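**Q** Sharing coords_27.txt, compact mmCIF, C-alpha atoms:
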```
# COMPACT_ATOMS: atom_id res chain seq x y z
CA MET A 745 -6.43 3.78 -3.23
CA ALA A 746 -9.98 2.75 -2.32
CA LEU A 747 -9.19 -0.73 -3.64
CA VAL A 748 -5.93 -0.87 -1.68
CA GLY A 749 -7.66 0.29 1.51
CA SER A 750 -10.39 -2.34 1.34
CA ASN A 751 -7.71 -4.95 0.69
CA VAL A 752 -6.16 -4.21 4.10
CA GLY A 753 -9.22 -5.70 5.79
CA LEU A 754 -9.75 -8.28 3.08
CA GLY A 755 -6.22 -9.57 3.64
CA LYS A 756 -6.94 -9.95 7.35
CA SER A 757 -9.95 -12.13 6.51
CA ILE A 758 -7.94 -14.31 4.11
CA ILE A 759 -4.93 -14.96 6.37
CA ALA A 760 -7.30 -16.36 8.97
CA GLU A 761 -7.45 -19.45 6.70
CA VAL A 762 -4.46 -19.19 4.35
CA PRO A 763 -0.80 -18.89 5.52
CA VAL A 764 0.76 -15.49 4.84
CA LEU A 765 3.58 -16.78 2.61
CA LEU A 766 1.23 -18.94 0.54
CA PHE A 767 -1.23 -16.08 0.18
CA ALA A 768 1.56 -13.73 -0.94
CA LEU A 769 2.86 -16.22 -3.52
CA LEU A 770 -0.61 -16.93 -4.92
CA ARG A 771 -1.19 -13.20 -5.31
CA PHE A 772 1.84 -12.94 -7.56
CA LEU A 773 1.09 -16.11 -9.52
CA ILE A 774 -2.43 -14.93 -10.32
CA ALA A 775 -1.12 -11.52 -11.39
CA ILE A 776 1.58 -13.05 -13.59
CA VAL A 777 -0.98 -15.24 -15.37
CA CYS A 778 -3.27 -12.24 -15.99
CA LEU A 779 -0.38 -10.07 -17.21
CA SER A 780 1.26 -12.78 -19.36
CA PRO A 781 0.35 -11.10 -22.72
CA TRP A 782 2.82 -8.31 -21.86
CA TYR A 783 5.82 -10.60 -21.34
CA ARG A 784 7.12 -10.21 -24.89
CA PRO A 785 10.85 -10.98 -25.12
CA ALA A 786 11.41 -8.56 -27.99
CA ARG A 787 9.89 -5.69 -26.02
CA MET A 788 11.60 -6.66 -22.76
CA ARG A 789 15.00 -6.53 -24.47
CA GLN A 790 14.35 -2.87 -25.30
CA VAL A 791 14.12 -1.95 -21.62
CA SER A 792 17.37 -0.30 -20.54
CA ARG A 793 19.57 -1.55 -17.72
CA ALA A 794 18.74 1.53 -15.64
CA GLU A 795 15.02 0.89 -16.12
CA TRP A 796 15.42 -2.75 -15.05
CA LEU A 797 17.20 -1.58 -11.90
CA ASN A 798 14.34 0.81 -11.21
CA LEU A 799 11.84 -1.99 -11.85
CA PHE A 800 13.67 -4.30 -9.46
CA LEU A 801 13.66 -1.68 -6.71
CA MET A 802 9.96 -1.02 -7.29
CA ALA A 803 9.21 -4.74 -7.15
CA PHE A 804 11.33 -5.30 -4.06
CA PHE A 805 9.88 -2.43 -2.04
CA GLY A 806 6.44 -1.86 -3.56
CA THR A 807 5.27 -5.46 -4.06
CA PHE A 808 7.53 -7.98 -2.29
CA MET A 809 8.35 -6.23 1.01
CA PHE A 810 5.08 -4.30 1.12
CA THR A 811 3.08 -7.54 0.81
CA LEU A 812 5.06 -9.36 3.51
CA LEU A 813 4.98 -6.47 5.97
CA MET A 814 1.34 -5.55 5.36
CA LEU A 815 -0.02 -9.10 5.63
CA GLY A 816 2.23 -9.92 8.57
CA GLY A 817 1.32 -6.70 10.34
CA VAL A 818 -2.43 -6.91 9.83
CA ARG A 819 -2.33 -10.42 11.32
CA LEU A 820 -1.18 -8.89 14.63
CA THR A 821 -3.14 -5.64 14.68
CA SER A 822 -6.56 -4.47 13.57
CA ALA A 823 -7.62 -3.36 10.11
CA MET A 824 -8.53 0.04 11.59
CA ALA A 825 -5.09 0.51 13.16
CA ALA A 826 -3.46 -0.57 9.90
CA GLY A 827 -5.64 1.91 8.02
CA VAL A 828 -4.66 4.77 10.32
CA ILE A 829 -0.96 3.97 10.02
CA THR A 830 -1.07 3.67 6.23
CA SER A 831 -2.67 7.11 6.10
CA THR A 832 0.79 8.51 6.88
CA ILE A 833 1.89 7.61 3.34
CA PRO A 834 1.35 11.20 2.08
CA ALA A 835 3.71 12.55 4.75
CA THR A 836 6.32 9.90 4.00
CA VAL A 837 6.01 10.53 0.26
CA ALA A 838 6.46 14.26 0.82
CA ILE A 839 9.70 13.71 2.75
CA LEU A 840 11.09 11.27 0.19
CA SER A 841 10.10 13.50 -2.74
CA TRP A 842 11.97 16.35 -1.07
CA LEU A 843 15.07 14.24 -0.42
CA TRP A 844 15.05 12.29 -3.69
CA LEU A 845 13.22 14.33 -6.35
CA ARG A 846 14.11 17.74 -4.87
CA GLU A 847 10.46 18.77 -4.84
CA ARG A 848 9.88 21.77 -2.59
CA LEU A 849 8.87 20.92 0.98
CA SER A 850 6.62 23.74 2.20
CA ARG A 851 5.96 24.75 5.79
CA ARG A 852 2.50 23.29 5.55
CA THR A 853 3.95 19.97 4.42
CA VAL A 854 6.32 20.00 7.40
CA MET A 855 3.35 20.62 9.71
CA SER A 856 1.44 17.77 8.07
CA VAL A 857 4.38 15.44 8.71
CA LEU A 858 4.45 16.46 12.37
CA LEU A 859 0.71 15.83 12.67
CA ALA A 860 1.10 12.41 11.06
CA VAL A 861 3.93 11.50 13.44
CA SER A 862 1.81 12.68 16.39
CA GLY A 863 -1.07 10.48 15.26
CA ILE A 864 1.13 7.40 15.03
CA ALA A 865 2.64 8.20 18.44
CA VAL A 866 -0.83 8.29 20.00
CA LEU A 867 -1.77 5.01 18.34
CA ASN A 868 1.34 3.19 19.50
CA ILE A 869 1.35 4.64 23.01
CA ALA A 870 -2.14 3.19 23.34
CA ARG A 871 -0.79 -0.08 21.79
CA GLY A 872 -3.13 0.30 18.85
CA GLY A 873 -6.15 0.65 21.08
CA GLY A 874 -5.49 -2.66 22.88
CA GLY A 875 -9.00 -3.68 23.76
CA HIS A 876 -10.63 -1.59 21.06
CA GLY A 877 -10.53 -3.73 17.98
CA ASP A 878 -6.95 -4.95 17.81
CA SER A 879 -6.53 -8.64 17.34
CA ALA A 880 -3.58 -8.71 19.71
CA GLY A 881 -2.88 -6.47 22.67
CA GLY A 882 0.37 -5.21 24.13
CA SER A 883 3.57 -6.13 22.35
CA GLY A 884 1.73 -8.13 19.67
CA ALA A 885 -0.20 -5.11 18.45
CA LEU A 886 2.90 -2.92 18.73
CA ILE A 887 4.92 -5.29 16.55
CA GLY A 888 2.04 -5.38 14.06
CA ASN A 889 1.90 -1.60 13.98
CA LEU A 890 5.66 -1.39 13.41
CA MET A 891 5.36 -3.84 10.51
CA ILE A 892 2.62 -1.67 8.98
CA LEU A 893 4.94 1.34 9.37
CA GLY A 894 7.58 -0.59 7.47
CA ALA A 895 5.03 -1.26 4.74
CA VAL A 896 4.30 2.49 4.62
CA VAL A 897 7.97 3.25 3.97
CA CYS A 898 8.09 0.60 1.24
CA GLU A 899 4.95 1.96 -0.40
CA SER A 900 6.32 5.51 -0.27
CA ILE A 901 9.55 4.41 -1.98
CA TYR A 902 7.39 2.77 -4.63
CA VAL A 903 5.48 6.03 -5.20
CA ILE A 904 8.72 7.95 -5.76
CA LEU A 905 10.16 5.32 -8.09
CA SER A 906 6.93 5.04 -10.07
CA ARG A 907 6.91 8.79 -10.62
CA ARG A 908 10.22 8.53 -12.49
CA LEU A 909 9.65 5.26 -14.35
CA SER A 910 6.17 6.18 -15.61
CA GLN A 911 7.77 8.78 -17.88
CA THR A 912 9.53 6.13 -20.00
CA LEU A 913 7.50 2.91 -19.74
CA ALA A 914 3.80 2.16 -20.22
CA ALA A 915 1.84 1.63 -17.01
CA ILE A 916 0.78 -1.90 -17.91
CA GLU A 917 4.39 -2.85 -18.69
CA ILE A 918 5.58 -1.56 -15.32
CA CYS A 919 2.80 -3.53 -13.67
CA ALA A 920 3.71 -6.73 -15.54
CA TYR A 921 7.48 -6.53 -15.05
CA THR A 922 7.40 -5.63 -11.35
CA HIS A 923 5.04 -8.49 -10.54
CA LEU A 924 7.16 -10.93 -12.49
CA ILE A 925 10.17 -9.85 -10.41
CA GLY A 926 8.12 -9.87 -7.22
CA GLY A 927 6.89 -13.38 -7.96
CA ALA A 928 10.46 -14.59 -8.44
CA LEU A 929 11.43 -13.05 -5.08
CA MET A 930 8.45 -14.63 -3.31
CA LEU A 931 8.81 -18.12 -4.82
CA PRO A 932 11.54 -19.40 -2.45
CA LEU A 933 9.50 -18.29 0.58
CA GLY A 934 6.14 -19.62 -0.59
CA LEU A 935 7.19 -22.86 -2.29
CA VAL A 936 7.03 -25.09 0.82
CA PRO A 937 3.52 -24.01 1.90
CA LEU A 938 2.43 -24.24 -1.75
CA LEU A 939 3.45 -27.92 -1.86
CA THR A 940 2.29 -28.91 1.64
CA PHE A 941 -0.88 -26.89 2.31
CA ASP A 942 -4.26 -28.62 2.34
CA PHE A 943 -6.14 -26.52 -0.19
CA GLY A 944 -9.36 -28.41 0.50
CA SER A 945 -9.50 -26.96 4.01
CA VAL A 946 -10.26 -23.49 2.64
CA GLY A 947 -13.80 -22.52 1.64
CA THR A 948 -14.89 -21.26 -1.76
CA THR A 949 -15.62 -17.79 -0.39
CA THR A 950 -12.05 -17.37 0.84
CA TRP A 951 -10.63 -18.46 -2.52
CA ALA A 952 -12.91 -15.95 -4.25
CA MET A 953 -11.67 -13.21 -1.89
CA LEU A 954 -8.07 -14.20 -2.60
CA LEU A 955 -8.68 -14.04 -6.35
CA TRP A 956 -10.24 -10.58 -6.05
CA TYR A 957 -7.42 -9.42 -3.77
CA ALA A 958 -4.82 -10.51 -6.32
CA LEU A 959 -6.60 -8.86 -9.23
CA SER A 960 -7.41 -5.61 -7.45
CA ALA A 961 -4.05 -5.23 -5.66
CA SER A 962 -1.75 -6.48 -8.39
CA VAL A 963 -3.56 -5.41 -11.56
CA PHE A 964 -6.47 -2.95 -11.24
CA SER A 965 -5.17 -0.53 -8.58
CA PHE A 966 -1.58 -0.83 -9.83
CA TRP A 967 -2.54 0.06 -13.40
CA LEU A 968 -4.81 2.94 -12.32
CA TRP A 969 -2.06 4.34 -10.11
CA MET A 970 0.57 4.17 -12.83
CA LYS A 971 -1.76 5.86 -15.32
CA GLY A 972 -2.39 8.71 -12.88
CA ILE A 973 1.10 9.20 -11.42
CA ARG A 974 2.56 10.40 -14.72
CA HIS A 975 0.24 13.43 -14.70
CA VAL A 976 0.65 14.75 -11.12
CA PRO A 977 3.55 15.65 -8.78
CA ALA A 978 4.57 12.93 -6.33
CA GLN A 979 3.46 14.96 -3.30
CA LEU A 980 -0.04 15.47 -4.74
CA ALA A 981 -0.23 11.79 -5.64
CA GLY A 982 0.55 10.99 -2.03
CA VAL A 983 -2.42 13.09 -0.90
CA PHE A 984 -4.82 10.81 -2.76
CA THR A 985 -3.67 7.88 -0.62
CA SER A 986 -5.83 9.39 2.15
CA VAL A 987 -8.68 7.36 0.65
CA LEU A 988 -6.87 4.21 1.84
CA PRO A 989 -7.44 4.49 5.64
CA VAL A 990 -11.10 5.38 5.18
CA ALA A 991 -11.74 2.26 3.12
CA ALA A 992 -9.75 0.12 5.58
CA ALA A 993 -11.69 1.47 8.57
CA VAL A 994 -15.07 0.91 6.89
CA TYR A 995 -14.17 -2.70 6.08
CA GLY A 996 -12.88 -3.31 9.61
CA ILE A 997 -16.03 -1.96 11.25
CA VAL A 998 -18.67 -3.32 8.83
CA VAL A 999 -17.20 -6.72 7.91
CA LEU A 1000 -14.79 -7.64 10.71
CA GLY A 1001 -16.86 -6.13 13.51
CA GLU A 1002 -13.96 -4.12 14.94
CA GLN A 1003 -14.78 -1.44 17.50
CA PRO A 1004 -12.90 1.86 17.16
CA GLY A 1005 -11.22 3.22 20.30
CA TRP A 1006 -10.28 6.75 21.27
CA ALA A 1007 -6.71 6.23 20.04
CA HIS A 1008 -7.92 5.38 16.53
CA GLY A 1009 -10.06 8.51 16.45
CA VAL A 1010 -7.32 10.85 17.69
CA ALA A 1011 -4.68 9.34 15.43
CA LEU A 1012 -6.88 9.44 12.33
CA ALA A 1013 -7.92 13.03 13.09
CA CYS A 1014 -4.25 14.08 13.35
CA VAL A 1015 -3.28 12.39 10.12
CA LEU A 1016 -6.27 13.60 8.10
CA ALA A 1017 -5.77 17.14 9.44
CA GLY A 1018 -2.20 16.96 8.22
CA ILE A 1019 -3.33 15.77 4.80
CA ALA A 1020 -5.85 18.62 4.54
CA LEU A 1021 -3.23 21.13 5.63
CA ALA A 1022 -0.75 19.93 3.04
CA SER A 1023 -3.14 19.76 0.11
CA TRP A 1024 -5.85 22.43 0.39
CA PRO A 1025 -5.52 24.90 -1.18
CA GLY A 1026 -1.92 24.91 -2.37
CA PRO A 1027 0.29 25.62 -5.35
CA ILE A 1028 0.83 21.94 -6.11
CA ALA A 1029 -2.88 21.28 -6.42
CA ARG A 1030 -3.43 24.45 -8.46
CA ARG A 1031 -0.68 23.53 -10.90
CA ALA A 1032 -2.05 20.01 -11.36
CA LEU A 1033 -5.72 20.92 -11.62
CA GLY A 1034 -5.67 24.48 -12.95
CA SER A 1035 -5.49 23.39 -16.56
CA ASP A 1036 -8.85 21.58 -16.27
CA PRO A 1037 -11.57 24.15 -17.13
CA SER A 1038 -14.32 21.93 -15.70
CA ARG A 1039 -13.00 22.40 -12.13
```
Please express what this file holds, its structure, as structure tokens.
**A**
Amino acid sequence: MALVGSNVGLGKSIIAEVPVLLFALLRFLIAIVCLSPWYRPARMRQVSRAEWLNLFLMAFFGTFMFTLLMLGGVRLTSAMAAGVITSTIPATVAILSWLWLRERLSRRTVMSVLLAVSGIAVLNIARGGGGHGDSAGGSGALIGNLMILGAVVCESIYVILSRRLSQTLAAIEICAYTHLIGGALMLPLGLVPLLTFDFGSVGTTTWAMLLWYALSASVFSFWLWMKGIRHVPAQLAGVFTSVLPVAAAVYGIVVLGEQPGWAHGVALACVLAGIALASWPGPIARRALGSDPSR
């Protein structure tokens, strides 16, 4: 989640020079090349039809739509605002895990959802802090914030789907197959900019950032998440996404020079309070961590 959070700001830096659709396509192409050793036809034929359906849904929501909405949204709003909004992922995961996986939704979880919704309401009423670090004021920032919210929903669906699929497929296989599907979905959208863009107009530093973004977002963080999600409940996994907004805010302030406004502070405080309320101390955490004698 720390890698994903820093990539929120990193993506904002990259799309200043590279078109969103081209950037998204290159991310998938780089990932597919790196994951090519796992595209073994004999093994892929062993994957059941139900698993392929699950993989397609994960790819559509968790890679394809998430990438488009996140990159498009961060172009219109600030990295800090995007970080605050994405910190509502634990609340969204909790609701979906209750509806889909029938995991128990406690009173504290309900309160955490209400706090998260309150934080987002504050952020959007203030139009993402308008003159406090957002790259676009008024309706531009609002549209960007709504796109980030859409990305949050997509990411939360991905968390729920990954919880189920990780029980039957290896993490690296899930990573490889979903990015192959995501790349196929992105190809029609990114083909024109791929063929017409002047690659020489982009500096070496930006290309290096794009390469790191692709590897960290599509390979490193994906694999680490899939390895971890099979050992913890979906709601507890959602709690660990609280690292994401912190990393995004640090990048926005230190690298992009964004200035936090009062709305960012209030919204982040509401969301983080909700996360703390939902996760400390609780039965979910005790069940997941109680077996570790070192804790």
**Q** Considering only C-alpha atoms, state which residue in the set A:Arg846, A:Leu754, A:Arg789, A:Ala803 is at the smallest distance from Ala920 of chain A.
**A**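 Smallest separation from Ala920 of chain A among the options: A:Ala803.
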**Q** Could you please determine the separation between atom CA of Ala1017 of chain A and atom CA of Gly827 of chain A in Å, to one decimal place?
**A**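 According to the coordinates, atom CA of Ala1017 of chain A and atom CA of Gly827 of chain A are separated by 15.3 Å.
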**Q** Could you name the residues that touch Ala775 of chain A at 12 Å or less, counting only C-alpha atoms, but leaving out those on the same chain fewer than 3 positions away, as a short mmCIF file (atom, residue, chain, number, x, y, z; two decimals) with C-alpha atoms, in the coordinates of the input?
**A**
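For reference, selection-v3.cif as written:
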```cif
data_model
loop_
_atom_site.label_atom_id
_atom_site.label_comp_id
_atom_site.auth_asym_id
_atom_site.auth_seq_id
_atom_site.Cartn_x
_atom_site.Cartn_y
_atom_site.Cartn_z
CA ALA A 768 1.56 -13.73 -0.94
CA LEU A 769 2.86 -16.22 -3.52
CA LEU A 770 -0.61 -16.93 -4.92
CA ARG A 771 -1.19 -13.20 -5.31
CA PHE A 772 1.84 -12.94 -7.56
CA CYS A 778 -3.27 -12.24 -15.99
CA LEU A 779 -0.38 -10.07 -17.21
CA SER A 780 1.26 -12.78 -19.36
CA PRO A 781 0.35 -11.10 -22.72
CA TRP A 782 2.82 -8.31 -21.86
CA THR A 807 5.27 -5.46 -4.06
CA ILE A 916 0.78 -1.90 -17.91
CA CYS A 919 2.80 -3.53 -13.67
CA ALA A 920 3.71 -6.73 -15.54
CA TYR A 921 7.48 -6.53 -15.05
CA THR A 922 7.40 -5.63 -11.35
CA HIS A 923 5.04 -8.49 -10.54
CA LEU A 924 7.16 -10.93 -12.49
CA ILE A 925 10.17 -9.85 -10.41
CA GLY A 926 8.12 -9.87 -7.22
CA GLY A 927 6.89 -13.38 -7.96
CA LEU A 954 -8.07 -14.20 -2.60
CA LEU A 955 -8.68 -14.04 -6.35
CA TRP A 956 -10.24 -10.58 -6.05
CA TYR A 957 -7.42 -9.42 -3.77
CA ALA A 958 -4.82 -10.51 -6.32
CA LEU A 959 -6.60 -8.86 -9.23
CA SER A 960 -7.41 -5.61 -7.45
CA ALA A 961 -4.05 -5.23 -5.66
CA SER A 962 -1.75 -6.48 -8.39
CA VAL A 963 -3.56 -5.41 -11.56
CA PHE A 964 -6.47 -2.95 -11.24
CA PHE A 966 -1.58 -0.83 -9.83
CA TRP A 967 -2.54 0.06 -13.40
#
```
**Q** Excluding segment 792-802 of chain A and any residue of its chain fewer than 5 positions from it, enumerate the residues within 9 Å of it, using only C-alpha atoms, and give them as a list in words.
**A**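 Returned residues: Thr807, Phe808, Cys898, Ile901, Tyr902, Val903, Leu905, Ser906, Arg908, Leu909, Thr912, Leu913, Ile918, Tyr921, Thr922, Ile925 and Gly926 of chain A.
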**Q** Rounded to one decimal place, report the atom CA of Cys1014 of chain A-atom CA of Arg852 of chain A distance in Å.
**A**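 Separation of atom CA of Cys1014 of chain A and atom CA of Arg852 of chain A: 13.8 Å.
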**Q** What is the distance between atom CA of Met930 of chain A and atom CA of Phe767 of chain A, in Å to one decimal?
**A**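 One can read the atom CA of Met930 of chain A to atom CA of Phe767 of chain A distance as 10.4 Å.
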**Q** Considering only C-alpha atoms, return as a list in words whatever protein or nucleic-acid residues lie within 7 Å of Ala835 of chain A, sequence-local ones (same chain, fewer than 4 positions apart) excluded.
**A** Ile839, Ser856, Val857 and Ala860 of chain A
**Q** Keeping only C-alpha atoms, write those residues as a CSV table (one decimal), in the frame of the given file.
**A**
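Wrote it out as part_5.csv, contents follow:
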```
chain,number,residue,atom,x,y,z
A,839,ILE,CA,9.7,13.7,2.8
A,856,SER,CA,1.4,17.8,8.1
A,857,VAL,CA,4.4,15.4,8.7
A,860,ALA,CA,1.1,12.4,11.1
```
**Q** Do a neighbour search on Leu858 of chain A at 8 Å with all atoms listed in the file, toss out local chain neighbours closer than 4 positions, and write the hits as a list in words.
**A**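 The residues that qualify are Val854, Ser862 and Gly1018 of chain A.
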**Q** Write out, as a PDB file, in the frame of the given file, the residues just selected, with C-alpha atoms.
**A**
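As written to disk, out-v4.pdb reads:
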```
ATOM      1  CA  VAL A 854       6.320  20.000   7.400  1.00  0.00           C
ATOM      2  CA  SER A 862       1.810  12.680  16.390  1.00  0.00           C
ATOM      3  CA  GLY A1018      -2.200  16.960   8.220  1.00  0.00           C
TER       4      GLY A1018
END
```
**Q** I'd like the neighbourhood of Gly888 of chain A as an NGL selection string, where a residue qualifies if any of its atoms comes within 8 Å (using all atoms listed in the file), though same-chain residues fewer than 5 positions away should be ignored.
**A** :A and (816-821)
**Q** Taking only C-alpha atoms into account, which of A:Ala992, A:Ile758, A:Leu840, A:Ala952 comes nearest Ala825 of chain A?
**A** A:Ala992
**Q** Restricting the calculation to all atoms listed in the file, which member of A:Ile776, A:Val837, A:Leu935, A:Ile892 is positioned closest to Met809 of chain A?
**A**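 Closest to Met809 of chain A of all the choices is A:Ile892.
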